[in-house]
Every structure is written in structure tokens, then in C-alpha cells.
Amino acid sequence: HDENYKTELCTFDDNLTRYNADTKGLDCNRSEGKVLILATVHDTFPKPDETKSFWVAFDDMDMAIRFKTDVALIDPNDLPESIEYIDSGCFDVIDRAGRFMGQFIKIFGTDSPLVRKGWDLKLRIEALPGMSTLPDQIQYYLNPIIPPVLPKDVMKLTNHRNHHILITVGNYNNDDSNNNSLESFQERLSQFREKHGGKEKVDVHELVTDSEKNGVNAFRYIAAAAFTTYCVGKGLLGVSVDYALPKNRSEAPKLSTEPTKRMRYSHFGCNVVHEDLAYEQGVDTHNAKIELKHTVDEVCKGRLPSEHGHGTEYVAPDDTKQRWMKMDPFNVMNPG
């Protein structure tokens with residue numbers, strides 16, 4: 001593990017928190033994407049006494065970044081359990097194309113065998129001749145008659161805000177200090193809202209019921225799959241990229257060829273971004289993808305990939321290869 005990771009999360013400089021080829025820390029850690037290694041992860045941290053989840057909505061990215069630096073990641077010893085970001089484009093795509101999947105996962109949970117069986121069935125149908133897009137077409141056209149995955153109060157926020165954060169905070173102070181992480185977070189949040197225009201600028205909805213929590217978690221979980229369904233239903237060409245940005249910037253890289261639909265969702269604390277872009281038929285999506293990669297790498301000073309793609313789409317740096325060869329000397333886990 002990387003003992004400095006929590007401190008790095010709260011230091012907003014031009015360095016990167018994590019990315020696929022990172023070799024900092026002990027063998028092995030971060031997002032190196034090895035299933036066998038992931039299978040050795042243990043629950044080494046105590047469970048919180050109490051947790052609360054909030055949906056926080058903003059008009060612009062600058063305010064969302066201020067929330068991260070001034071409220072969420074202010075203390076390396078008092079971090080939230082999770083902090084996830086989606087933009088308005090992401091909401092549009094998931095709500096228009098992901099209700100079937102979202103409701104299924106909301107009801108049964110991501111760990112349910114039914115979810116795996118349903119996904120396997122989808123893949124088997126897609127493997128049949130001439131049926132590669134049928135499941136997504138069905139989901140797309142059924143979508144309008146299926147209830148929204150998000151709670152009603154959250155749906156209202158998505159209608160007039162462009163940037164959204166789902167944050168879960170736990171109280172881990174099990175000592176005799178009488179410190180309460182939840183109370184501290186809520187106090188910082190209240191002060192932040194007061195300082196930056198109150199309800200006119202920052203909306204906050206606490207997710208109280210299990211139904212609300214399951215709904216927002218399922219909504220975020222299905223983002224990538226919903227994008228595929230959206231592109232099939234709209235007859236668009238899709239491009240997907242994941243990348244890590246420096247800790248002091250989170251705004252979207254500029255593009256010369258604007259997509260028909262652009263959705264960005266990220267692990268907001270570590271600044272790892274997933275970006276999906278949909279283009280009309282006839283657009284050179286390969287060049288569009290290369291342009292985005294170049295902008296991330298050369299202009300934004302980020303790194304690709306952040307989580308996925310070495311051995312298939314990307315060639316790993318030599319020092320990263322040496323690290324992985326040491327951990328996997330027989331090359332049994334190289335997807336390429």
C-alpha cells in the first residue's frame with residue numbers, strides 16, 4: 001500500500017494521485033488491474049459507527065472543486081468513504097438509456113447472482129448472428145415506460161444543476177476524543193453553503209432511506225453500460241476514455257470536434273475521470289479519441305489510462321512492465 005496516499009489526496013498540486021502505470025508504493029497497490037491481486041484485498045479498517053450519504057449539486061465545476069478542497073478533502077485523517085462525480089450529460093444518458101439496468105440493480109444489488117446471470121444472458125444474445133445490438137435496442141425503447149432510478153428529490157436537482165457529487169461520510173473516531181467526523185463534515189458543509197450563496201448556489205439532499213441510497217448507487221454504477229445502450233438507441237458512434245488529471249484541475253479537456261453528447265463521471269477525490277463521447281455517423285471517431293488522449297497528455301498533463309487498457313489499447317512504460325513482470329513472472333495475467 002501507499003502510506004502517503006491519504007495525504008496526497010488532500011494536497012492539491014499538479015501531481016497525480018493514481019493511474020494505471022504508477023509505480024509508487026509497495027508491491028502491489030493502486031489500480032494495476034490484476035484480478036488475482038484484487039482477490040487478496042482484506043477489510044483492514046474498522047467499520048464506522050454511523051454513515052450518511054448526500055447528493056450535492058452545483059451550477060459550475062469551479063464550485064464543485066471548491067467543495068472538494070474546502071469541505072470533502074480538508075483533512076487526510078478525516079476522509080469521506082467515497083466521493084463520486086457526474087455531470088449533466090452523464091445524467092441525461094443514464095436516465096434516457098439506463099432505467100432497465102438501473103432498476104434491476106437497485107432491486108437486487110450489484111452482488112446478486114441474478115445480475116451476473118442477466119448480464120451473461122445479454123452477452124449470449126449479442127453473440128448470435130445479427131443480434132449484436134438487440135438487447136440494447138430493447139432496453140432503449142422500453143426506457144420511457146420504466147420509472148426513474150433516482151429519487152424524486154434528486155431528479156429535481158438534476159433539472160437545474162449541471163454538476164453533481166454523491167458523497168458518503170462515516171464517523172470513524174472510535175477513540176475517547178469525542179470527535180465526530182459526521183458532525184464536522186456537516187458543519188463544514190453548512191459554512192460552505194452560507195459562504196457561497198446558500199441554496200441559490202448549492203443544493204444538498206441527504207439520502208435517508210435504503211431505496212434512495214440504492215437508487216443513486218445503481219445510477220452511478222450503470223454509467224458505462226447505459227452509454228452503450230444510448231449510442232445504439234440513437235444510432236451514434238461511441239468513444240470511451242479513462243484518464244487521471246493533476247489534483248489541481250478537474251475541468252473537461254477542450255475538443256475541436258464537439259460530440260453530439262458528452263458525459264463525464266469521475267472518482268472525484270483521486271481525480272480519475274471516465275469520459276464517454278457520442279458522435280454522429282461519419283465522424284472519424286478514431287481521430288476524435290486520439291485528439292482527446294493528446295489533450296489529456298500534452299495540455300492537461302494527465303496520464304492515460306487511469307484504470308483500464310494496458311495490454312490491450314496501451315503499451316505500459318518500461319518501469320511499469322518490470323514491476324508487473326516481477327509480480328507475474330509467468331505472464332499468466334497479461335490480457336494482451
# chains A, B, ... in the order shown; residues from 1 in each chain; ligands from 1
call {"tool": "residues_around", "arguments": {"residues": "His164 in chain A", "least_positions_apart": "3", "cutoff": "8 Å", "atoms": "only C-alpha atoms", "output": "list in words"}}
result
Trp55, Val56, Ala57, Phe58, Ala64, Tyr85, Ile86, Asp87, Ser88, Thr158 and Arg161 of chain A
call {"tool": "residues_around", "arguments": {"residues": "range 144-155 of chain A", "least_positions_apart": "6", "cutoff": "8 Å", "atoms": "only C-alpha atoms", "output": "VMD selection string"}}
result
chain A and resid 55 95 to 96 99 to 100 102 to 103 106 205 212 215 to 216 218 to 219
call {"tool": "closest_residue", "arguments": {"among": "A:Glu275, A:Asp111, A:Glu183, A:Asp242", "to": "His308 in chain A", "atoms": "only C-alpha atoms"}}
result
A:Asp242
call {"tool": "residues_around", "arguments": {"residues": "Tyr243 in chain A", "least_positions_apart": "6", "cutoff": "10 Å", "atoms": "only C-alpha atoms", "output": "number ranges by chain"}}
result
A: 18-20, 266, 271-275, 293, 296-297, 302-308
call {"tool": "residues_around", "arguments": {"residues": "Lys247 in chain A", "least_positions_apart": "4", "cutoff": "9 Å", "atoms": "only C-alpha atoms", "output": "list of chain:residue names"}}
result
A:Glu8, A:Leu9, A:Cys10, A:Thr11, A:Phe12, A:Asp13, A:Asp14, A:Asn15, A:Leu16, A:Thr17, A:Gly269, A:Cys270, A:Asn271
call {"tool": "select_by_dssp", "arguments": {"residues": "range 1-225 of chain A", "states": "strand (DSSP E)", "output": "list in words"}}
result
Thr51, Lys52, Ser53, Phe54, Trp55, Val56, Ala57, Phe58, Ser82, Ile83, Glu84, Tyr85, Ile86, Asp87, His163, His164, Ile165, Leu166, Ile167, Thr168, Val169, Gly170, Val202, Asp203, Val204, His205, Glu206 and Leu207 of chain A
call {"tool": "atom_distance", "arguments": {"atom1": "CA of Cys300 in chain A", "atom2": "CA of Ile167 in chain A"}}
result
25.8 Å
call {"tool": "closest_residue", "arguments": {"among": "A:Phe192, A:Lys6, A:Ala21, A:Arg323", "to": "Pro76 in chain A", "atoms": "only C-alpha atoms"}}
result
A:Lys6
